[in-house]
Structure formats: structure tokens, C-alpha cells
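Structure data follow from model.pdb (PDB, C-alpha atoms):
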ATOM      1  CA  MET A   3      -9.514  43.649 -67.699
ATOM      2  CA  THR A   4     -11.561  44.467 -70.766
ATOM      3  CA  THR A   5     -10.938  44.427 -74.486
ATOM      4  CA  THR A   6     -12.643  46.997 -76.684
ATOM      5  CA  SER A   7     -13.110  44.577 -79.591
ATOM      6  CA  LYS A   8     -11.460  41.643 -81.272
ATOM      7  CA  PRO A   9      -8.532  43.098 -83.216
ATOM      8  CA  PRO A  10      -8.223  42.613 -86.978
ATOM      9  CA  LEU A  11      -5.635  40.129 -88.204
ATOM     10  CA  ARG A  12      -2.194  41.719 -87.950
ATOM     11  CA  HIS A  13       1.349  40.420 -88.379
ATOM     12  CA  PHE A  14       4.693  41.700 -87.077
ATOM     13  CA  LEU A  15       7.126  40.911 -89.880
ATOM     14  CA  GLN A  16       9.084  44.175 -89.938
ATOM     15  CA  PHE A  17       9.426  46.954 -87.384
ATOM     16  CA  LYS A  18       7.651  49.376 -89.708
ATOM     17  CA  ASP A  19       4.469  47.253 -89.532
ATOM     18  CA  PHE A  20       3.395  49.197 -86.422
ATOM     19  CA  SER A  21       2.738  52.919 -86.077
ATOM     20  CA  ARG A  22       4.511  55.168 -83.581
ATOM     21  CA  GLU A  23       1.398  55.208 -81.401
ATOM     22  CA  GLU A  24       1.199  51.408 -81.395
ATOM     23  CA  LEU A  25       4.877  51.092 -80.498
ATOM     24  CA  HIS A  26       4.493  53.483 -77.568
ATOM     25  CA  TYR A  27       1.528  51.420 -76.394
ATOM     26  CA  LEU A  28       3.642  48.237 -76.559
ATOM     27  CA  PHE A  29       6.461  49.812 -74.524
ATOM     28  CA  ALA A  30       3.996  50.944 -71.858
ATOM     29  CA  ARG A  31       2.318  47.558 -71.833
ATOM     30  CA  ALA A  32       5.679  45.748 -71.586
ATOM     31  CA  ARG A  33       6.518  47.852 -68.537
ATOM     32  CA  LEU A  34       3.253  46.879 -66.824
ATOM     33  CA  ILE A  35       3.647  43.189 -67.703
ATOM     34  CA  LYS A  36       7.247  43.208 -66.453
ATOM     35  CA  GLU A  37       6.220  44.845 -63.175
ATOM     36  CA  LYS A  38       3.586  42.159 -62.628
ATOM     37  CA  PHE A  39       6.178  39.464 -63.428
ATOM     38  CA  LYS A  40       8.570  40.902 -60.826
ATOM     39  CA  ARG A  41       5.757  40.887 -58.234
ATOM     40  CA  TYR A  42       4.881  37.268 -59.100
ATOM     41  CA  GLU A  43       1.398  38.368 -60.174
ATOM     42  CA  PRO A  44      -0.239  36.032 -62.708
ATOM     43  CA  HIS A  45      -1.112  37.592 -66.053
ATOM     44  CA  HIS A  46      -2.960  34.728 -67.745
ATOM     45  CA  VAL A  47      -4.705  36.749 -70.444
ATOM     46  CA  LEU A  48      -4.046  34.106 -73.122
ATOM     47  CA  PHE A  49      -5.391  31.100 -71.228
ATOM     48  CA  ASP A  50      -6.110  28.141 -73.538
ATOM     49  CA  ARG A  51      -4.382  29.818 -76.506
ATOM     50  CA  THR A  52      -1.617  28.091 -78.480
ATOM     51  CA  LEU A  53       1.593  29.521 -79.913
ATOM     52  CA  VAL A  54       3.438  27.547 -82.598
ATOM     53  CA  MET A  55       7.154  28.331 -82.865
ATOM     54  CA  ILE A  56       8.815  27.322 -86.136
ATOM     55  CA  PHE A  57      12.617  27.254 -86.167
ATOM     56  CA  GLU A  58      14.773  26.926 -89.251
ATOM     57  CA  LYS A  59      17.647  28.758 -87.512
ATOM     58  CA  ALA A  60      18.958  27.657 -84.128
ATOM     59  CA  SER A  61      18.185  29.814 -81.113
ATOM     60  CA  THR A  62      18.547  30.221 -77.361
ATOM     61  CA  ARG A  63      16.972  33.578 -76.452
ATOM     62  CA  THR A  64      14.235  33.497 -79.089
ATOM     63  CA  ARG A  65      12.922  30.090 -78.103
ATOM     64  CA  LEU A  66      13.223  30.683 -74.380
ATOM     65  CA  SER A  67      11.607  34.133 -74.432
ATOM     66  CA  PHE A  68       8.675  33.094 -76.628
ATOM     67  CA  GLU A  69       8.041  29.737 -74.962
ATOM     68  CA  ALA A  70       8.354  30.993 -71.388
ATOM     69  CA  GLY A  71       6.519  34.194 -72.256
ATOM     70  CA  PHE A  72       3.508  32.488 -73.774
ATOM     71  CA  GLN A  73       3.273  30.092 -70.830
ATOM     72  CA  GLN A  74       3.425  33.062 -68.459
ATOM     73  CA  LEU A  75       0.471  34.521 -70.389
ATOM     74  CA  GLY A  76      -1.463  31.334 -69.610
ATOM     75  CA  GLY A  77      -1.136  29.597 -72.972
ATOM     76  CA  SER A  78       0.780  26.675 -74.430
ATOM     77  CA  ALA A  79       3.744  26.831 -76.808
ATOM     78  CA  ILE A  80       4.631  24.155 -79.369
ATOM     79  CA  TYR A  81       8.152  23.921 -80.822
ATOM     80  CA  LEU A  82       8.583  22.835 -84.445
ATOM     81  CA  ASN A  83      11.963  22.449 -86.114
ATOM     82  CA  THR A  84      11.891  22.345 -89.899
ATOM     83  CA  ARG A  85      14.214  19.308 -89.816
ATOM     84  CA  ASP A  86      11.533  17.370 -87.921
ATOM     85  CA  SER A  87       8.439  18.524 -89.822
ATOM     86  CA  GLN A  88       7.019  18.493 -93.335
ATOM     87  CA  LEU A  89       8.382  22.029 -93.817
ATOM     88  CA  GLY A  90      11.806  20.404 -94.060
ATOM     89  CA  ARG A  91      10.603  17.761 -96.491
ATOM     90  CA  GLY A  92       9.437  20.024 -99.256
ATOM     91  CA  GLU A  93       5.864  20.888 -98.232
ATOM     92  CA  PRO A  94       5.060  24.339 -99.675
ATOM     93  CA  VAL A  95       5.176  27.149 -97.144
ATOM     94  CA  GLU A  96       1.689  28.161 -98.243
ATOM     95  CA  ASP A  97       0.256  24.700 -97.424
ATOM     96  CA  SER A  98       1.976  24.586 -94.038
ATOM     97  CA  ALA A  99       0.557  28.013 -93.194
ATOM     98  CA  GLN A 100      -2.970  26.885 -93.999
ATOM     99  CA  VAL A 101      -2.706  23.845 -91.718
ATOM    100  CA  ILE A 102      -0.711  25.333 -88.824
ATOM    101  CA  SER A 103      -2.897  28.435 -88.596
ATOM    102  CA  ARG A 104      -6.038  26.259 -88.308
ATOM    103  CA  MET A 105      -4.576  24.492 -85.272
ATOM    104  CA  SER A 106      -3.106  27.426 -83.364
ATOM    105  CA  ASP A 107      -3.768  31.019 -82.346
ATOM    106  CA  ILE A 108      -0.457  32.678 -83.219
ATOM    107  CA  VAL A 109       2.772  31.668 -84.992
ATOM    108  CA  MET A 110       6.389  32.769 -84.543
ATOM    109  CA  ILE A 111       8.913  31.899 -87.270
ATOM    110  CA  ARG A 112      12.722  32.129 -87.159
ATOM    111  CA  THR A 113      14.033  31.448 -90.650
ATOM    112  CA  PHE A 114      16.360  32.592 -93.422
ATOM    113  CA  GLU A 115      14.844  34.650 -96.253
ATOM    114  CA  GLN A 116      12.178  37.236 -95.414
ATOM    115  CA  ASN A 117      10.219  35.933 -98.390
ATOM    116  CA  ILE A 118       9.493  32.707 -96.488
ATOM    117  CA  ILE A 119       7.776  34.461 -93.618
ATOM    118  CA  GLU A 120       5.925  36.829 -95.959
ATOM    119  CA  ARG A 121       4.504  33.851 -97.880
ATOM    120  CA  PHE A 122       3.529  32.113 -94.654
ATOM    121  CA  ALA A 123       1.750  35.208 -93.325
ATOM    122  CA  ALA A 124      -0.125  35.708 -96.600
ATOM    123  CA  ASN A 125      -1.701  32.250 -96.109
ATOM    124  CA  SER A 126      -2.191  32.333 -92.340
ATOM    125  CA  ARG A 127      -5.474  32.778 -90.489
ATOM    126  CA  VAL A 128      -3.640  33.911 -87.342
ATOM    127  CA  PRO A 129      -0.993  36.524 -86.484
ATOM    128  CA  VAL A 130       2.568  35.740 -87.563
ATOM    129  CA  ILE A 131       5.631  37.146 -85.783
ATOM    130  CA  ASN A 132       9.118  37.428 -87.261
ATOM    131  CA  GLY A 133      11.474  35.812 -84.733
ATOM    132  CA  LEU A 134      14.406  36.609 -87.075
ATOM    133  CA  THR A 135      15.161  36.514 -90.781
ATOM    134  CA  ASN A 136      18.271  37.344 -92.765
ATOM    135  CA  GLU A 137      16.834  40.795 -93.398
ATOM    136  CA  TYR A 138      15.108  41.828 -90.142
ATOM    137  CA  HIS A 139      14.955  41.178 -86.394
ATOM    138  CA  PRO A 140      12.023  43.314 -85.175
ATOM    139  CA  CYS A 141      11.435  41.582 -81.822
ATOM    140  CA  GLN A 142      15.022  42.209 -80.756
ATOM    141  CA  ILE A 143      14.821  45.921 -81.562
ATOM    142  CA  LEU A 144      11.481  46.139 -79.753
ATOM    143  CA  ALA A 145      13.249  44.789 -76.653
ATOM    144  CA  ASP A 146      16.309  46.999 -77.188
ATOM    145  CA  ILE A 147      14.291  50.214 -77.365
ATOM    146  CA  PHE A 148      12.217  49.158 -74.361
ATOM    147  CA  THR A 149      15.522  48.667 -72.505
ATOM    148  CA  PHE A 150      16.747  52.117 -73.526
ATOM    149  CA  ILE A 151      13.480  53.668 -72.306
ATOM    150  CA  GLU A 152      13.830  51.879 -68.961
ATOM    151  CA  HIS A 153      17.326  53.270 -68.438
ATOM    152  CA  ARG A 154      17.251  56.665 -70.144
ATOM    153  CA  GLY A 155      13.670  57.608 -71.007
ATOM    154  CA  SER A 156      12.403  58.437 -74.474
ATOM    155  CA  ILE A 157      14.627  57.547 -77.427
ATOM    156  CA  GLU A 158      13.164  60.341 -79.564
ATOM    157  CA  GLY A 159      15.854  62.741 -80.754
ATOM    158  CA  LYS A 160      18.670  60.505 -79.512
ATOM    159  CA  THR A 161      21.617  59.097 -81.488
ATOM    160  CA  VAL A 162      22.212  55.365 -81.839
ATOM    161  CA  THR A 163      25.556  54.259 -83.284
ATOM    162  CA  TRP A 164      25.715  50.948 -85.114
ATOM    163  CA  ILE A 165      29.211  49.477 -85.498
ATOM    164  CA  GLY A 166      29.841  46.513 -87.795
ATOM    165  CA  ASP A 167      27.889  44.613 -90.409
ATOM    166  CA  ALA A 168      24.799  46.195 -91.993
ATOM    167  CA  ASN A 169      22.819  43.072 -91.161
ATOM    168  CA  ASN A 170      19.240  42.325 -90.056
ATOM    169  CA  MET A 171      19.768  44.182 -86.770
ATOM    170  CA  CYS A 172      21.088  47.270 -88.526
ATOM    171  CA  ASN A 173      18.215  47.243 -91.033
ATOM    172  CA  THR A 174      15.698  47.064 -88.216
ATOM    173  CA  TRP A 175      17.350  49.860 -86.219
ATOM    174  CA  LEU A 176      17.003  52.034 -89.316
ATOM    175  CA  GLN A 177      13.296  51.254 -89.583
ATOM    176  CA  ALA A 178      12.891  51.999 -85.875
ATOM    177  CA  ALA A 179      14.652  55.366 -86.221
ATOM    178  CA  LYS A 180      12.107  56.479 -88.769
ATOM    179  CA  ALA A 181       9.176  55.156 -86.748
ATOM    180  CA  LEU A 182      10.276  56.702 -83.440
ATOM    181  CA  ASN A 183      12.150  59.814 -84.628
ATOM    182  CA  PHE A 184      15.767  59.237 -83.646
ATOM    183  CA  THR A 185      19.030  59.004 -85.615
ATOM    184  CA  VAL A 186      21.136  55.952 -86.430
ATOM    185  CA  ARG A 187      24.789  56.433 -87.341
ATOM    186  CA  VAL A 188      26.145  53.436 -89.213
ATOM    187  CA  SER A 189      29.823  52.575 -89.537
ATOM    188  CA  THR A 190      30.657  49.471 -91.569
ATOM    189  CA  PRO A 191      33.776  48.185 -93.324
ATOM    190  CA  PRO A 192      33.901  48.814 -97.094
ATOM    191  CA  GLY A 193      31.770  46.275 -98.908
ATOM    192  CA  TYR A 194      29.390  45.712 -95.981
ATOM    193  CA  GLU A 195      27.342  48.892 -96.289
ATOM    194  CA  VAL A 196      23.600  49.317 -95.767
ATOM    195  CA  LYS A 197      21.411  48.307 -98.696
ATOM    196  CA  PRO A 198      18.845  51.142 -98.853
ATOM    197  CA  GLU A 199      16.117  48.982-100.373
ATOM    198  CA  CYS A 200      16.405  46.409 -97.578
ATOM    199  CA  ALA A 201      16.428  48.982 -94.792
ATOM    200  CA  ASP A 202      13.556  50.837 -96.512
ATOM    201  CA  LEU A 203      15.603  54.037 -96.646
ATOM    202  CA  ARG A 204      13.838  56.719 -98.671
ATOM    203  CA  ASP A 205      15.773  59.711 -97.323
ATOM    204  CA  SER A 206      18.574  60.524 -94.874
ATOM    205  CA  ALA A 207      16.419  62.202 -92.227
ATOM    206  CA  HIS A 208      17.193  59.557 -89.579
ATOM    207  CA  PHE A 209      20.338  57.979 -91.023
ATOM    208  CA  GLU A 210      24.025  58.894 -91.183
ATOM    209  CA  VAL A 211      26.974  57.002 -92.651
ATOM    210  CA  VAL A 212      30.275  57.553 -90.816
ATOM    211  CA  ALA A 213      33.268  55.706 -92.240
ATOM    212  CA  ASP A 214      35.423  55.959 -89.099
ATOM    213  CA  PRO A 215      33.895  53.872 -86.282
ATOM    214  CA  MET A 216      35.542  56.043 -83.626
ATOM    215  CA  GLU A 217      34.023  59.180 -85.131
ATOM    216  CA  ALA A 218      30.645  57.431 -85.346
ATOM    217  CA  CYS A 219      30.625  56.948 -81.564
ATOM    218  CA  LYS A 220      31.181  60.615 -80.741
ATOM    219  CA  ASN A 221      28.409  61.829 -78.365
ATOM    220  CA  ALA A 222      26.215  58.800 -79.139
ATOM    221  CA  ASN A 223      23.517  57.933 -76.594
ATOM    222  CA  LEU A 224      23.704  54.238 -77.431
ATOM    223  CA  VAL A 225      26.452  52.164 -79.056
ATOM    224  CA  THR A 226      25.456  48.762 -80.345
ATOM    225  CA  THR A 227      26.892  45.982 -82.463
ATOM    226  CA  ASP A 228      26.528  42.322 -83.434
ATOM    227  CA  VAL A 229      28.743  39.390 -84.363
ATOM    228  CA  TRP A 230      30.884  39.838 -87.443
ATOM    229  CA  THR A 231      29.590  36.644 -89.035
ATOM    230  CA  SER A 232      25.834  36.183 -88.791
ATOM    231  CA  MET A 233      24.159  32.780 -89.023
ATOM    232  CA  GLY A 234      24.136  31.591 -92.624
ATOM    233  CA  TYR A 235      27.347  33.435 -93.564
ATOM    234  CA  GLU A 236      29.856  31.062 -91.971
ATOM    235  CA  ALA A 237      31.620  30.439 -95.294
ATOM    236  CA  GLU A 238      32.737  34.094 -95.234
ATOM    237  CA  ASN A 239      34.124  33.928 -91.693
ATOM    238  CA  GLU A 240      37.855  34.290 -92.442
ATOM    239  CA  GLU A 241      37.280  37.129 -94.886
ATOM    240  CA  ARG A 242      35.029  38.907 -92.413
ATOM    241  CA  MET A 243      37.566  38.549 -89.594
ATOM    242  CA  ARG A 244      40.042  40.512 -91.692
ATOM    243  CA  ALA A 245      37.532  43.101 -92.927
ATOM    244  CA  PHE A 246      35.998  43.897 -89.515
ATOM    245  CA  SER A 247      39.158  44.038 -87.390
ATOM    246  CA  GLY A 248      38.905  47.842 -87.070
ATOM    247  CA  TRP A 249      35.233  47.729 -86.094
ATOM    248  CA  ARG A 250      35.582  46.363 -82.566
ATOM    249  CA  VAL A 251      33.709  48.336 -79.892
ATOM    250  CA  ASP A 252      36.216  49.101 -77.140
ATOM    251  CA  ALA A 253      36.612  51.378 -74.132
ATOM    252  CA  GLU A 254      38.043  54.214 -76.245
ATOM    253  CA  MET A 255      34.902  54.280 -78.381
ATOM    254  CA  MET A 256      32.657  54.311 -75.311
ATOM    255  CA  LYS A 257      34.712  57.150 -73.786
ATOM    256  CA  ILE A 258      33.900  59.516 -76.639
ATOM    257  CA  ALA A 259      30.213  58.597 -76.628
ATOM    258  CA  ALA A 260      27.862  60.639 -74.421
ATOM    259  CA  PRO A 261      28.749  60.449 -70.699
ATOM    260  CA  ASP A 262      25.628  58.379 -69.988
ATOM    261  CA  ALA A 263      25.831  56.277 -73.151
ATOM    262  CA  LEU A 264      24.672  52.664 -73.040
ATOM    263  CA  PHE A 265      26.121  49.630 -74.795
ATOM    264  CA  MET A 266      23.924  46.895 -76.270
ATOM    265  CA  HIS A 267      24.501  43.594 -78.046
ATOM    266  CA  CYS A 268      21.755  41.161 -79.069
ATOM    267  CA  LEU A 269      23.929  38.140 -78.120
ATOM    268  CA  PRO A 270      25.552  35.712 -78.419
ATOM    269  CA  ALA A 271      28.730  37.791 -78.229
ATOM    270  CA  HIS A 272      32.296  36.955 -79.195
ATOM    271  CA  ARG A 273      34.454  38.856 -76.711
ATOM    272  CA  GLY A 274      37.606  40.125 -78.354
ATOM    273  CA  GLU A 275      36.003  40.219 -81.802
ATOM    274  CA  GLU A 276      33.118  42.674 -82.208
ATOM    275  CA  VAL A 277      33.381  43.929 -78.604
ATOM    276  CA  THR A 278      36.001  43.876 -75.865
ATOM    277  CA  SER A 279      35.302  42.197 -72.532
ATOM    278  CA  ASP A 280      35.668  45.422 -70.566
ATOM    279  CA  VAL A 281      32.836  46.998 -72.575
ATOM    280  CA  ILE A 282      30.285  44.178 -72.632
ATOM    281  CA  ASP A 283      30.952  43.392 -68.963
ATOM    282  CA  GLY A 284      31.361  47.037 -67.961
ATOM    283  CA  ALA A 285      29.149  49.600 -66.247
ATOM    284  CA  GLN A 286      27.691  51.004 -69.468
ATOM    285  CA  SER A 287      26.535  47.625 -70.743
ATOM    286  CA  VAL A 288      22.857  46.696 -70.400
ATOM    287  CA  VAL A 289      23.028  43.442 -72.387
ATOM    288  CA  TRP A 290      21.495  41.307 -69.613
ATOM    289  CA  ASP A 291      18.520  43.651 -69.187
ATOM    290  CA  GLU A 292      18.252  43.709 -72.967
ATOM    291  CA  ALA A 293      18.167  39.893 -73.117
ATOM    292  CA  GLU A 294      15.541  39.631 -70.369
ATOM    293  CA  ASN A 295      13.389  42.264 -72.031
ATOM    294  CA  ARG A 296      12.849  40.015 -75.034
ATOM    295  CA  LEU A 297      10.522  38.141 -72.672
ATOM    296  CA  HIS A 298       8.453  41.131 -71.602
ATOM    297  CA  ALA A 299       8.347  43.003 -74.919
ATOM    298  CA  GLN A 300       7.207  39.863 -76.733
ATOM    299  CA  LYS A 301       4.519  39.171 -74.156
ATOM    300  CA  ALA A 302       3.150  42.660 -74.799
ATOM    301  CA  LEU A 303       3.360  42.024 -78.548
ATOM    302  CA  MET A 304       1.545  38.679 -78.442
ATOM    303  CA  GLU A 305      -1.141  40.047 -76.135
ATOM    304  CA  TYR A 306      -1.690  42.980 -78.512
ATOM    305  CA  LEU A 307      -1.871  40.835 -81.640
ATOM    306  CA  LEU A 308      -4.404  38.468 -80.060
ATOM    307  CA  LEU A 309      -6.461  40.768 -77.843
ATOM    308  CA  GLY A 310      -5.876  44.317 -79.043
ATOM    309  CA  ARG A 311      -5.526  47.168 -76.575
ATOM    310  CA  GLN A 312      -6.319  46.381 -72.969
TER     311      GLN A 312
END
Entire entry expressed as C-alpha cells:
Amino acid sequence: MTTTSKPPLRHFLQFKDFSREELHYLFARARLIKEKFKRYEPHHVLFDRTLVMIFEKASTRTRLSFEAGFQQLGGSAIYLNTRDSQLGRGEPVEDSAQVISRMSDIVMIRTFEQNIIERFAANSRVPVINGLTNEYHPCQILADIFTFIEHRGSIEGKTVTWIGDANNMCNTWLQAAKALNFTVRVSTPPGYEVKPECADLRDSAHFEVVADPMEACKNANLVTTDVWTSMGYEAENEERMRAFSGWRVDAEMMKIAAPDALFMHCLPAHRGEEVTSDVIDGAQSVVWDEAENRLHAQKALMEYLLLGRQ
């Protein structure tokens, strides 16, 4: 395996940080890396490299996929929780970035405000990956689109329906639609609409608002949703339960989607709230493939950030 040259310093903080060509490369690379994983072929391209994972928000899939993934690439992963480090004791983000990036090769951060990760990246000597913020979740959408491609081929020209809160997942789907030329239909309860400045919406070329969630699902190629109350918004839980009661993805919604429509959910899921059991556990659901593909898509991402194209 050869590398053309050492890549320039790049970060993955929002989905729009990569071009369409780069994203297609990552999907192809993820497929190859996944195939090698299934054949038990070692892929130790990051031997002796170190990933630092910084968590301010709790996680299952993010920690597991990054830690296992980096080890499968031949490197070592170090877990830092802000409660147990100087980041949680008032050390400036900028100072932490200077120190951590001198002792590691790549950093993943799962935190609250996007501003935190932007400040860290601005002071880092190594690539920084957004493992989730309040505003964006680019690694999850990378895995979701890779999953769609595995099952249905190219997503270009397709329709993705988002049901529920216009949260970090929704914002990132909207960025992905622009980058990869597909359409996202968004149906949210009143008061929970998309904020155009956060989703980086400059026109409506890849974006539709449909008030009725049932209508939004009509002929969709993919229906996807998330919990009604995202992490950090627990104080609003009762109010959200009332507001979102009509935005539950059920079998009737999936019936009016395209005949080969898929269902996705980034997990964890609350069956009976944002999705019914028969949908998430049904034949159209690909949530388990979607969860596994965090592993493979992120391995392709970390390899690309550290080594460039192979």
C-alpha cells in the first residue's frame, strides 16, 4: 500500500467539510475496509498512532466504534472524560488542544456546543473529528449514507424523509443532501423547525418542509428519525412528549413510502415514542447495519485524515 504524500492538516467538524469527490472516496474505502474486516484480514495502516477520545457527553456507539476501530487500524485509543481531566476543571479549550495534540496523532471530541470543537481544532496540530455536538453529527450521517449505498446503491437523486426534531442529525442530513445531490423532506412539530443558519441552508434546492408527517413519507426512499428529547434537553422532556406525539414513525408511514424504502435510527431508540416496535424491528429497518457501519466509515475517515488517499 502506498501513499501519494502526507496530507495537509484537515478536520471533520461538519459534513460540508469534505467535497463530493472526497465523500465518494470515503464510501468506497469504507467498503474495502469492511470487506477486509469480514475476512479477518489485518488492516494495520495506523500502527503506533494514537487517537485521543474526549467525551463531555455520554456514549455507547461513539466510544465503541472509535476505540475498536482505531485498534483495528493498528493504533491505540485513549479515553478522556471531561469530568476526570483538566478540561472539566476550567482549563481553556485552547490550552488543552495545544497539549493533547502534541501527544497524539488524531483527536475525536463528543461535546455540547459546536463552538467548543471549533476552538479546539483551531489550536490543534492534528486532525480533529466531531463525534457529536448539539448542532451536528457528521460521523453518524457518514455511516448512514454508507449503509444506504450498501443496500440501495447511490443516494443521488433520492428522497430522505426526516420525522421529528430538527436536531443535530437533521442539520447534518441537510448538509449531506447538498453535498451529495439528494433531497431531504423535513416534518417537525410547530416550534421545532429547522434553523436555516445552523443547517447552512442557502436555498431550497435539496430541502422541503412538509407539515404533515404522513405526507412527508410519501414515496420516500429512506425514512429516518431520532429520539424526541436529545441529550442536554431533558428539562423539556414532558413538553416534547406532548408536542411530538403525532410524529411517531409507524407502519402506516412506511407503507406509503417507496416499496423498497429503508428505515434508519441513529440509536438509542425509545420504542413506542419516536418509532413503533414493528418498524424498527421490521424488514425495512437497517438500524443494526447502520450501527455497525459507524465502525467502518470512521476507520476510512481516520485513515484518510492521517494518511490521505491510499
Using only C-alpha atoms, find the one residue out of A:Ile111, A:Ala222, A:Val212, A:Ala260 that sits nearest to Thr84 in chain A.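 Looking only at the distances to Thr84 in chain A, the closest residue turns out to be A:Ile111.
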Which polymer residues, protein or nucleic acid, are no farther than 10 Å from (12.5, 50.8, -73.9), counting all atoms listed in the file, as number ranges by chain? A: 26, 28-30, 32-33, 143-157, 292, 295, 299
Can you work out which one of A:Trp175, A:Tyr235, A:Phe209, A:Trp164 has the shortest atom-to-atom distance to Met255 in chain A, counting all atoms listed in the file?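 Counting all atoms listed in the file, the residue closest to Met255 in chain A is A:Trp164.
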Tell me which protein, DNA and RNA residues are within 7 Å of Thr135 in chain A, counting all atoms listed in the file, leaving out same-chain ones fewer than 5 positions away, and put them as an NGL selection string. :A and (112-116)
Result set of the PyMOL selection byres ((chain A and resi 166) around 10) on the coordinates above, as a list in words: Thr163, Trp164, Ile165, Asp167, Ala168, Asn169, Cys172, Val188, Ser189, Thr190, Pro191, Tyr194, Glu195, Pro215, Thr226, Thr227, Asp228, Val229, Trp230, Thr231, Ala245, Phe246, Ser247, Gly248, Trp249, Arg250, Val251 and Glu276 of chain A
Give me, please, the distance in Å between CA of Lys160 in chain A and CA of Leu224 in chain A, quoted to one decimal.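 Going from CA of Lys160 in chain A over to CA of Leu224 in chain A covers 8.3 Å.
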Near Leu303 in chain A, counting all atoms listed in the file, which residues have an atom at most 10 Å away, once you skip same-chain residues fewer than 2 positions from it, shown as a CSV table (one decimal) with C-alpha atoms, keeping the file's coordinate frame?
chain,number,residue,atom,x,y,z
A,14,PHE,CA,4.7,41.7,-87.1
A,25,LEU,CA,4.9,51.1,-80.5
A,27,TYR,CA,1.5,51.4,-76.4
A,28,LEU,CA,3.6,48.2,-76.6
A,29,PHE,CA,6.5,49.8,-74.5
A,31,ARG,CA,2.3,47.6,-71.8
A,32,ALA,CA,5.7,45.7,-71.6
A,131,ILE,CA,5.6,37.1,-85.8
A,141,CYS,CA,11.4,41.6,-81.8
A,144,LEU,CA,11.5,46.1,-79.8
A,298,HIS,CA,8.5,41.1,-71.6
A,299,ALA,CA,8.3,43.0,-74.9
A,300,GLN,CA,7.2,39.9,-76.7
A,301,LYS,CA,4.5,39.2,-74.2
A,305,GLU,CA,-1.1,40.0,-76.1
A,306,TYR,CA,-1.7,43.0,-78.5
A,307,LEU,CA,-1.9,40.8,-81.6
A,308,LEU,CA,-4.4,38.5,-80.1
A,309,LEU,CA,-6.5,40.8,-77.8
A,310,GLY,CA,-5.9,44.3,-79.0
Gap from CA of Thr64 in chain A to CA of Asn132 in chain A - Å, one decimal: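 So the two atoms, CA of Thr64 in chain A and CA of Asn132 in chain A, lie 10.4 Å apart.
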Tell me, in Å to one decimal, how far CA of Phe17 in chain A is from CA of Tyr138 in chain A.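 Those two atoms sit 8.1 Å apart.
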